[in-house]
Amino acid sequence: MSDLSQKIAALTPGKRQLLLQRLHNKKGEVLLRSQIIPQSRETSSFPLSFAQQRLWFLDHLQPGHSAYNISQSMHLVGQLNVSALEQSFNEVIRRHEILRTTFTTVDGQSIQVIAPTPTFRLLLVDLQELPKDKREAEVLRLAHEEAQHSFNLAKGPLLRVTLLRQTETDHALVLTMHHIISDGWSIGVLICEIAALYEAFSLGKPSPLPKLSIQYADFAVWQRQWLQKEQLETQLAYWKQQLGGKLPVLELSSDRPRPTIQTFSGARESLALPKTLSEKLKALNQRQGITLFMILLAAFQTLLFWYTGQEDIVVGTDIANRNQAETKELIGFFVNQLVLRIDLSGNPTFLELLERVREMTLEAYAHQDLPFDKLVDVLNPKRELNRSPLFQVKLVLENTQTPSLELPGLTISSLKVENKTVQFDLLLELNETEQGLFGVWEYNTDLFDTASIVQMSRNFEALLGKIATHPQAKLNELKAFLCEADKQQNLTKEEAYQSTIQKKLRNIKRRANSKPQAEGNTNYDKN
């Protein structure tokens with residue numbers, strides 16, 4: 001057991017739970033570190049953050065793809081003040097320099113360049129001339145097309161907002177940003193600010209929002225200055241020990257051979273866990289003094305262990321990386337990826353596996369400041385054009401909900417637009433709500449069929465149910481349970497398939513018996 005784990009084990013259960021909550025809370029607690037200082041604006045050019053550097057490199061490696069687009073689409077019903085909405089977006093862009101930033105290269109170095117003033121115009125597309133029954137389909141088509149449209153990082157803009165008008169009181173709002181200037185947390189910041197500004201501007205009042213203390217470019221400069229020498233060495237020492245040597249590649253069976261170059265073609269399949277199961281899992285994490293994420297991670301890795309037979313498994317996850325108060329109100333690309341490696345050897349019980357996961361996860365949180373792309377550079381794994389580096393499968397638990405947009409006089413709902421791009425082979429993103437756990441499987445369609453993901457989802461739910469009631473079960477017992485559950489699913493699918501075939505045959509036979517005979521086959525005496 002490491003020194004860190006010994007210190008954690010010595011804490012009282014209450015203090016340990018508080019530490020776990022603080023470490024895993026996506027919003028993060030303010031940690032002691034140097035203050036981010038606003039930089040001089042005598043120049044409009046600044047270095048990229050480490051996370052931006054990675055996306056800049058990926059965009060140059062495979063330009064023109066939309067895998068790193070972030071898109072939100074909403075249905076707005078009611079009297080919309082278009083002028084106030086456009087004014088609100090202009091004010092948000094004025095406040096957040098990152099929304100008027102582009103990226104270029106000078107003397108071989110990539111830099112971000114901030115435009116001095118907003119040049120935003122809300123794009124309004126009027127669909128009222130279309131027949132009423134075709135407008136909704138056209139809205140979905142245009143929203144999907146906009147979400148898939150790539151960005152030019154050098155020219156910008158990297159934020160696009162389109163308003164699709166079906167009637168004077170029925171609109172769709174489609175918002176698309178490149179990940180290099182935004183992340184999931186940023187969407188929440190943007191929505192809150194638009195709501196506050198729209199309400200004020202609709203009444204002819206000034207902006208109620210306070211001035212931002214720093215900008216994203218200030219963070220980028222600070223990050224490169226802070227993550228040096230002792231800080232860098234401390235972070236690197238842990239990750240070299242955890243991931244050094246030959247890192248295992250997850251050999252998850254796919255329905256088709258892996259393409260020679262990584263593709264981003266994808267689809268999504270939803271997952272909804274019964275509330276009773278979610279409550280049992282939460283009760284288990286409370287009894288064990290761990291977080292819900294740790295249980296889900298241990299279960300997810302057990303599922304992958306069953307699918308692959310590998311005992312050394314690496315998955316990725318996200319962490320908000322907003323550990324200082326001044327970053328929490330900013331729009332920008334802060335989120336960092338953690339690489340989580342667990343040893344499942346020795347046929348441990350699930351509770352014993354949880355102890356391994358807890359120790360590994362806590363230490364990863366304690367060393368979360370090392371940017372993922374910096375880690376890739378240092379470890380320098382063998383680069384393969386058809387795989388993402390370090391991990392290809394990801395698990396994320398979102399325990400903070402993105403706020404819903406609320407504008408006076410309008411009823412707003414989410415517009416479901418199919419997203420056909422993914423960044424990894426497989427990603428399971430779960431959301432903790434009062435109604436239970438809901439999630440989405442994102443999968444690469446060049447590797448997996450929908451049926452395979454549906455079955456994997458059912459297997460995962462069955463495994464969680466078993467774990468919730470029998471956490472003392474050994475991994476071999478859980479493997480046997482999954483084999484039986486998978487077998488039963490296949491039998492059920494086969495029975496359903498045979499039933500469908502028999503039904504179709506009966507319908508064909510019924511139609512054949514009821515069909516009148518053709519004239520040429522009529523039997524009568526012509527004489």
# chains A, B, ... in the order shown; residues from 1 in each chain; ligands from 1

$ select_by_dssp --residues "stretch 301-358 of chain A" --states "helix (DSSP H, G or I)" --output "PyMOL selection string"
chain A and resi 301-308+325-327+350-358

$ residues_around --residues "A:Thr260" --least-positions-apart "5" --cutoff "9 Å" --atoms "only C-alpha atoms" --output "MDAnalysis selection string"
chainID A and resid 384:386

$ write_last_selection --atoms "N, CA, C and O atoms" --output "PDB file, in the first residue's frame"
ATOM      1  N   GLU A 384      -0.207   4.246 -33.377  1.00  0.00           N
ATOM      2  CA  GLU A 384      -0.945   3.477 -34.366  1.00  0.00           C
ATOM      3  C   GLU A 384      -2.047   4.364 -34.935  1.00  0.00           C
ATOM      4  O   GLU A 384      -2.821   4.958 -34.185  1.00  0.00           O
ATOM      5  N   LEU A 385      -2.118   4.440 -36.242  1.00  0.00           N
ATOM      6  CA  LEU A 385      -3.072   5.328 -36.884  1.00  0.00           C
ATOM      7  C   LEU A 385      -4.514   4.888 -36.710  1.00  0.00           C
ATOM      8  O   LEU A 385      -5.428   5.673 -36.940  1.00  0.00           O
ATOM      9  N   ASN A 386      -4.714   3.625 -36.285  1.00  0.00           N
ATOM     10  CA  ASN A 386      -6.083   3.133 -36.159  1.00  0.00           C
ATOM     11  C   ASN A 386      -6.549   3.019 -34.705  1.00  0.00           C
ATOM     12  O   ASN A 386      -7.598   2.426 -34.434  1.00  0.00           O
TER      13      ASN A 386
END

$ select_by_dssp --residues "stretch 308-450 of chain A" --states "strand (DSSP E)" --output "ChimeraX atom specification"
/A:312-319,336-343,393-398,410-414,426-433,436-444

$ residues_around --residues "stretch 68-83 of chain A" --least-positions-apart "4" --cutoff "6 Å" --atoms "only C-alpha atoms" --output "PyMOL selection string"
chain A and resi 147+169-179+410-415

$ residues_around --residues "A:Pro257" --least-positions-apart "4" --cutoff "10 Å" --atoms "only C-alpha atoms" --output "list in words"
Ser253, Asp446, Leu447 and Phe448 of chain A

$ write_last_selection --atoms "N, CA and C atoms" --output "short mmCIF file (atom, residue, chain, number, x, y, z; two decimals), in the first residue's frame"
data_model
loop_
_atom_site.label_atom_id
_atom_site.label_comp_id
_atom_site.auth_asym_id
_atom_site.auth_seq_id
_atom_site.Cartn_x
_atom_site.Cartn_y
_atom_site.Cartn_z
N SER A 253 -13.34 -7.77 -28.72
CA SER A 253 -13.80 -8.36 -29.98
C SER A 253 -14.75 -7.42 -30.69
N ASP A 446 -17.76 1.40 -37.39
CA ASP A 446 -16.88 0.62 -38.26
C ASP A 446 -16.35 -0.61 -37.53
N LEU A 447 -16.60 -0.68 -36.21
CA LEU A 447 -16.16 -1.82 -35.41
C LEU A 447 -17.32 -2.67 -34.90
N PHE A 448 -18.39 -2.00 -34.44
CA PHE A 448 -19.45 -2.71 -33.73
C PHE A 448 -20.81 -2.52 -34.39
#

$ residues_around --residues "A:Glu477" --least-positions-apart "5" --cutoff "10 Å" --atoms "only C-alpha atoms" --output "short mmCIF file (atom, residue, chain, number, x, y, z; two decimals) with N, CA and C atoms, in the first residue's frame"
data_model
loop_
_atom_site.label_atom_id
_atom_site.label_comp_id
_atom_site.auth_asym_id
_atom_site.auth_seq_id
_atom_site.Cartn_x
_atom_site.Cartn_y
_atom_site.Cartn_z
N ASN A 347 -8.17 -13.66 -9.07
CA ASN A 347 -9.56 -13.99 -8.77
C ASN A 347 -10.04 -13.33 -7.47
N THR A 349 -12.45 -11.10 -4.85
CA THR A 349 -13.88 -10.82 -4.75
C THR A 349 -14.12 -9.41 -5.30
N PHE A 350 -15.36 -9.10 -5.58
CA PHE A 350 -15.63 -7.77 -6.09
C PHE A 350 -15.27 -6.71 -5.06
N GLN A 472 -19.67 -9.80 -2.54
CA GLN A 472 -18.58 -10.67 -2.08
C GLN A 472 -18.24 -11.75 -3.11
N LEU A 482 -22.08 -13.98 -15.97
CA LEU A 482 -22.20 -13.28 -17.25
C LEU A 482 -22.36 -14.25 -18.41
N CYS A 483 -21.64 -15.37 -18.35
CA CYS A 483 -21.78 -16.38 -19.41
C CYS A 483 -23.22 -16.88 -19.50
#

$ residues_around --residues "A:Glu398" --least-positions-apart "5" --cutoff "12 Å" --atoms "only C-alpha atoms" --output "PyMOL selection string"
chain A and resi 24-27+184-185+292-293+317-320+428-433+437-440

$ residues_around --residues "A:Pro118" --least-positions-apart "4" --cutoff "7 Å" --atoms "only C-alpha atoms" --output "number ranges by chain"
A: 90, 93-94, 100

$ atom_distance --atom1 "atom CA of A:Arg322" --atom2 "atom CA of A:Tyr365"
12.7 Å

$ closest_residue --among "A:Leu164, A:Leu395, A:Leu375, A:Ala485" --to "A:Arg458" --atoms "only C-alpha atoms"
A:Ala485

$ atom_distance --atom1 "atom CA of A:Gly204" --atom2 "atom CA of A:Pro157"
27.9 Å

$ closest_residue --among "A:Ile453, A:Leu427, A:Leu464, A:Ala473" --to "A:Lys280" --atoms "only C-alpha atoms"
A:Leu464

$ atom_distance --atom1 "atom CA of A:Val139" --atom2 "atom CA of A:Asp126"
10.3 Å

$ closest_residue --among "A:Leu197, A:Ala267, A:Leu122, A:Ile191" --to "A:Val454" --atoms "only C-alpha atoms"
A:Ala267

$ closest_residue --among "A:Ser345, A:Thr263, A:Thr402, A:Ser278" --to "A:Glu461" --atoms "only C-alpha atoms"
A:Ser278

$ closest_residue --among "A:Gln242, A:Gln489, A:Ser49, A:Ser66" --to "A:Val314" --atoms "only C-alpha atoms"
A:Gln242

$ closest_residue --among "A:Glu193, A:Asp255, A:Asp59, A:Glu199" --to "A:Asn444" --atoms "only C-alpha atoms"
A:Asp255
